[in-house]
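A short worksheet on the structure shown next.
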Amino acid sequence: MTLKSTSDKGLQTLSIHAGETPDSASGASAPSLVMSSTFVVDEEVSFSANNLTSDSPFVYTRWDNPTTQQLEQKLAILEQAEACIAFASGMAASAAVLLSHLSQGDHLVISNTNYPGTAEFARDTLTRLGIEVTPVDTSELSNIENAMRDNTRMVWLETPSNPLLRISDIGGAAAIAHAQNALLAVDSTFASPIATRPLALGADLVVHSLTKYIGGHGDAMGGSVCGSQALLGALRGEALVHYGGVISPFNAWLIMRGMATLPLRMRCHQENALALARFLEDHDKVEKVLYPGLESHPQHALARSQMDNFSGMISFRTADPKQLAARMMQQLEVIHYAVSLGHHRSLVYLMQTDDLIDSSYRLEGAELDKYRDAAGVGVFRLSVGLENSEDLITDLGRVLD
Ligand SMILES: *Cc1c(COP(=O)(O)O)cnc(C)c1O
């Protein structure tokens, strides 16, 4: 009772069945949760990660685990990848990709506004290790092109990006990166594999925070990297086994359970987000709404061409956002004032411009002006959940009025 072929199946079927195998001993229909750190073997197995192959038996859960392996196979199939590795968090996955592919003297081109953890890791940790980092607005391909150097080994996009929901052209960036023999890595967390399959558009590696849409319920942290067998074989030995950011099998199991409803959830996230985006756009206290599914989004056409779903992330701007944030903390009834995103619960948080610029993005000159022009002193990042959209509109309307 394992899918014999996956290429002829739809996303709803794959999200439920792909990668899962009923337990051979019990016949259990649901995947079994194997909470064992070590495995009894009946032959000598090398103690070195360097000798790890895809045929190796289970030895130790930091190398591989039967529950985690089912999650990895499901993710690989949804991302149309040869292979996938799950990590303890999105940051563990991102750090694994960046550290294992970049060495002293190499050069990285990266989105200049993105997840703050990634931004700080690139600007602080990678540069400390002697890796050159050029942050650019990757939503314009010419900026990537102009940043490329002879020693550029990787281009890193986040699309849609935190918090301005800029869209980067994955196919165009892949062509530029590959012309220089550089890899293209895409953090596709805001899109999910339901919206975009970056590998099919030319990317080499796709990173997700499984903590967000893929797990979907705000109860388990995880991360993943998908790509070719060749790239991921090396990544497993170095980054998973030796850096050690291994996911708990329990979290892998929870995330796999969440994934069964990913296509249904994404459809509802999009439907609710469009309703809220239109409500906000019409509201006289709201100065600006950024949502890739709105015709007013500066890159709506690109979003249409590379996203099958506009996801559930909205950023909006009002006058006096700090005062509104204080009212939200006191008065919201349904929406949680909290960081993170992609959960069934709606979440909202004020992303203050000075804080992001000083601590994470460190923009200057024209790029800083462009950021302030879009974000003012801060944008509210709204992760639209799966509640009734009328209730979300009532909740937001009350604090806005
Ligand atoms: C949350 C997030 C991360 C980091 O993931 P964690 O699971 O929190 O470590 C990376 N990239 C993006 C776009 C994110 O939203």
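Identifiers in this document derive from the order of the structure tokens: chains are assigned A, B, ..., residues are numbered from 1 separately in each chain, and ligands are numbered from 1 in order of occurrence.
Using only C-alpha atoms, the protein and nucleic acid residues lying no more than 10 Å from A:Arg128, apart from those fewer than 6 places from it along its own chain, are A:Gln104, A:Phe121, A:Ala122.
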For N, CA, C and O atoms, I'd like the residues from the last selection saved as a JSON list (two decimals), in the first residue's frame.
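Result saved to result-v6.json:
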```
[["chain", "number", "residue", "atom", "x", "y", "z"],
["A", 104, "GLN", "N", 36.14, 30.13, 2.81],
["A", 104, "GLN", "CA", 36.90, 31.38, 2.83],
["A", 104, "GLN", "C", 37.26, 31.81, 1.41],
["A", 104, "GLN", "O", 37.72, 30.99, 0.61],
["A", 121, "PHE", "N", 22.93, 35.95, 9.94],
["A", 121, "PHE", "CA", 23.89, 34.86, 9.76],
["A", 121, "PHE", "C", 24.85, 35.19, 8.61],
["A", 121, "PHE", "O", 26.06, 35.00, 8.71],
["A", 122, "ALA", "N", 24.29, 35.74, 7.50],
["A", 122, "ALA", "CA", 25.13, 36.08, 6.35],
["A", 122, "ALA", "C", 26.08, 37.23, 6.70],
["A", 122, "ALA", "O", 27.29, 37.15, 6.45]]
```
Discussion item. Please identify all protein, DNA and RNA residues within 8 Å of ligand 1, counting only C-alpha atoms and all ligand atoms, and report them as a list in words.
Written reply: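 With only C-alpha atoms and all ligand atoms and a cut-off of 8 Å, ligand 1 is contacted by Ala88, Ser89, Gly90, Met91, Ala92, Ala93, Ser94, Asn114, Tyr115, Gly117, Thr118, Glu158, Ser161, Asn162, Asp187, Ser188, Thr189, Phe190, Val207, His208, Ser209, Leu210, Thr211, Lys212, Met221, Gly222, Gly223, Ser340 and Leu341 of chain A.
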Worksheet item: Which residues, written as a PyMOL selection string, have at least one atom at most 8 Å from stretch 79-84 of chain A, with only C-alpha atoms counted and residues fewer than 2 positions away on the same chain left out?
Response: chain A and resi 72-73+75-77+86+193+197-200+224-229+232
Item to complete: Excluding stretch 53-61 of chain A and any residue of its chain fewer than 3 positions from it, enumerate the residues within 6 Å of it, using only C-alpha atoms, and give them as JSON, numbers by chain.
Response: {"A": [37, 38, 39, 64, 65]}
Write the residues you've just listed into a file as a compact mmCIF listing (two decimals), in the first residue's frame, and include N, CA and C atoms for each of them.
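Heads up, here's the output in again.txt:
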```txt
# COMPACT_ATOMS: atom_id res chain seq x y z
N SER A 37 16.93 6.54 19.52
CA SER A 37 18.13 7.22 19.04
C SER A 37 19.09 6.24 18.37
N THR A 38 19.02 4.95 18.76
CA THR A 38 19.95 3.99 18.16
C THR A 38 19.19 2.77 17.64
N PHE A 39 19.84 1.98 16.80
CA PHE A 39 19.19 0.85 16.14
C PHE A 39 20.06 -0.39 16.27
N ASP A 64 19.93 9.19 10.35
CA ASP A 64 18.65 8.99 9.67
C ASP A 64 17.74 8.21 10.61
N ASN A 65 16.43 8.39 10.41
CA ASN A 65 15.44 7.78 11.30
C ASN A 65 14.23 7.41 10.43
```
Discussion item. Quick one: residues within 12 Å of A:Thr134, only C-alpha atoms, excluding same-chain residues fewer than 3 positions away - as a PyMOL selection string?
Written reply: chain A and resi 106-113+119+122-123+126-127+131+137-138+143-149+151-156+361-363
Item to complete: Can you check which residues of stretch 259-370 of chain A DSSP gives as strand (DSSP E) on the backbone and send them as number ranges by chain?
Response: A: 286-290, 313-318, 336-337, 347-352
Practice prompt. Take atom CA of A:Pro263 and atom CA of A:Thr6 and report the distance between them in Å, one decimal.
Written response: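 Computing the Euclidean distance for atom CA of A:Pro263 and atom CA of A:Thr6 yields 16.0 Å.
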Worksheet entry | Of the listed residues A:Met35, A:Arg166, A:Gly218, A:Ala195, that which approaches A:Asn309 most closely, counting only C-alpha atoms |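 Checking each of A:Met35, A:Arg166, A:Gly218, A:Ala195 against A:Asn309, counting only C-alpha atoms, the winner is A:Ala195.
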Fill in: Residues within 9 Å of A:Gln12, only C-alpha atoms, excluding chain neighbours under 4 positions, as a PyMOL selection string
chain A and resi 16-17+260-264
Discussion item. When DSSP is applied to the backbone of this structure, which of stretch 12-125 of chain A are assigned alpha helix (DSSP H)? Write them out as an MDAnalysis selection string.
Written reply: chainID A and resid 12:17 66:78 90:101 116:120
Can you tell me, as a compact mmCIF listing (two decimals) with N, CA, C and O atoms, in the first residue's frame, what residues are no more than 8 Å from A:Ala96 when counting only C-alpha atoms, ignoring any on the same chain fewer than 3 positions away?
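Generated file (around.txt):
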```
# COMPACT_ATOMS: atom_id res chain seq x y z
N ALA A 92 18.52 25.92 11.05
CA ALA A 92 19.49 24.82 10.94
C ALA A 92 19.66 24.43 9.48
O ALA A 92 20.78 24.17 9.01
N ALA A 93 18.56 24.43 8.73
CA ALA A 93 18.62 24.09 7.30
C ALA A 93 19.38 25.17 6.52
O ALA A 93 20.25 24.87 5.70
N LEU A 99 26.88 27.13 5.11
CA LEU A 99 28.21 26.74 5.61
C LEU A 99 28.82 25.62 4.80
O LEU A 99 30.05 25.56 4.64
N SER A 100 28.01 24.70 4.31
CA SER A 100 28.62 23.55 3.64
C SER A 100 28.99 23.86 2.19
O SER A 100 29.77 23.12 1.59
N LEU A 235 25.58 16.97 1.75
CA LEU A 235 25.01 17.80 2.82
C LEU A 235 24.66 16.95 4.05
O LEU A 235 24.84 17.36 5.19
N ALA A 239 26.59 18.35 7.01
CA ALA A 239 25.78 19.31 7.75
C ALA A 239 24.82 18.66 8.75
O ALA A 239 24.62 19.16 9.84
N LEU A 240 24.23 17.53 8.38
CA LEU A 240 23.30 16.93 9.33
C LEU A 240 24.09 16.15 10.39
O LEU A 240 23.96 16.39 11.59
N TYR A 243 27.17 18.91 11.89
CA TYR A 243 26.71 20.11 12.60
C TYR A 243 25.63 19.71 13.61
O TYR A 243 25.43 20.39 14.61
```
